[in-house]
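Below: the structure, in structure tokens.
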Amino acid sequence: MQTIDKELDARGLVCPLPILRTKQSLAGMISGQTLKIVATDPGSVIDFQVFAEQTGNELLSLAESDKEFIFLLRKR
């Protein structure tokens, strides 16, 4: 089971706000910590995959449940 160091509720936010809030949350974390993000914007699936590739943060998992998207990111 993955340890979650911080959680971000991005439900109801549309692009680019989930990514912007994620950047802010990651800025306050140390390398290796894990951030859980819950979003409702279907576009966030691609956004977080691209964000991880471009920033070097690791997208550990992506799941969908009841029209919510749950991402786990490890800070680089």
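The chains in the structure tokens are called A, B, ... from first to last as shown; in each chain the residues are counted from 1, and the ligands are counted from 1 in the order shown.
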**OP:** Would you list the contacts of range 13-25 of chain A as a ChimeraX atom specification, taking every protein, DNA or RNA residue within 9 Å and counting only C-alpha atoms, but skipping same-chain residues closer than 3 positions in sequence?
**Re:** /A:6-10,28-29,35,37-44,47-48,51
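Taking CA of Ile4 in chain A and CA of Leu73 in chain A as endpoints, the distance between them is 9.5 Å.
Of the listed residues A:Leu59, A:Ala52, A:Thr3, A:Gly32, the one whose atoms come nearest to Phe71 in chain A is A:Leu59, with distances taken using only C-alpha atoms.
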**OP:** Please identify which residues in chain A DSSP calls strand (DSSP E) from the backbone, and express them as a ChimeraX atom specification.
**Re:** /A:6-10,34-39,58-65,68-74
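Here CA of Glu68 in chain A is placed at a distance of 12.5 Å from CA of Lys36 in chain A.
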Subject >> Residue set, chain A restricted to alpha helix (DSSP H), as a ChimeraX atom specification >> reply: /A:17-27,44-55
With C-alpha atoms retained, write the just-selected residues as a PDB file, in the first residue's frame.
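Contents of again24.pdb, as written:
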ATOM      1  CA  LEU A  17      -6.801  24.640 -12.304  1.00  0.00           C
ATOM      2  CA  PRO A  18      -6.187  20.997 -11.251  1.00  0.00           C
ATOM      3  CA  ILE A  19      -2.633  21.195 -12.631  1.00  0.00           C
ATOM      4  CA  LEU A  20      -1.990  24.635 -11.120  1.00  0.00           C
ATOM      5  CA  ARG A  21      -3.172  23.476  -7.694  1.00  0.00           C
ATOM      6  CA  THR A  22      -1.038  20.361  -8.053  1.00  0.00           C
ATOM      7  CA  LYS A  23       2.040  22.488  -8.795  1.00  0.00           C
ATOM      8  CA  GLN A  24       1.340  24.553  -5.670  1.00  0.00           C
ATOM      9  CA  SER A  25       0.925  21.445  -3.533  1.00  0.00           C
ATOM     10  CA  LEU A  26       4.097  19.822  -4.857  1.00  0.00           C
ATOM     11  CA  ALA A  27       6.066  23.007  -4.165  1.00  0.00           C
ATOM     12  CA  SER A  44      -7.323  15.890 -16.343  1.00  0.00           C
ATOM     13  CA  VAL A  45      -6.427  12.316 -17.353  1.00  0.00           C
ATOM     14  CA  ILE A  46      -4.287  13.516 -20.274  1.00  0.00           C
ATOM     15  CA  ASP A  47      -3.234  16.664 -18.405  1.00  0.00           C
ATOM     16  CA  PHE A  48      -1.681  14.703 -15.538  1.00  0.00           C
ATOM     17  CA  GLN A  49       0.066  12.242 -17.858  1.00  0.00           C
ATOM     18  CA  VAL A  50       1.652  15.126 -19.775  1.00  0.00           C
ATOM     19  CA  PHE A  51       2.400  17.028 -16.546  1.00  0.00           C
ATOM     20  CA  ALA A  52       4.288  14.027 -15.145  1.00  0.00           C
ATOM     21  CA  GLU A  53       6.318  13.596 -18.342  1.00  0.00           C
ATOM     22  CA  GLN A  54       7.203  17.279 -18.572  1.00  0.00           C
ATOM     23  CA  THR A  55       8.077  17.819 -14.909  1.00  0.00           C
TER      24      THR A  55
END
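Relative to CA of Lys75 in chain A, CA of Ile30 in chain A is found at 7.0 Å.
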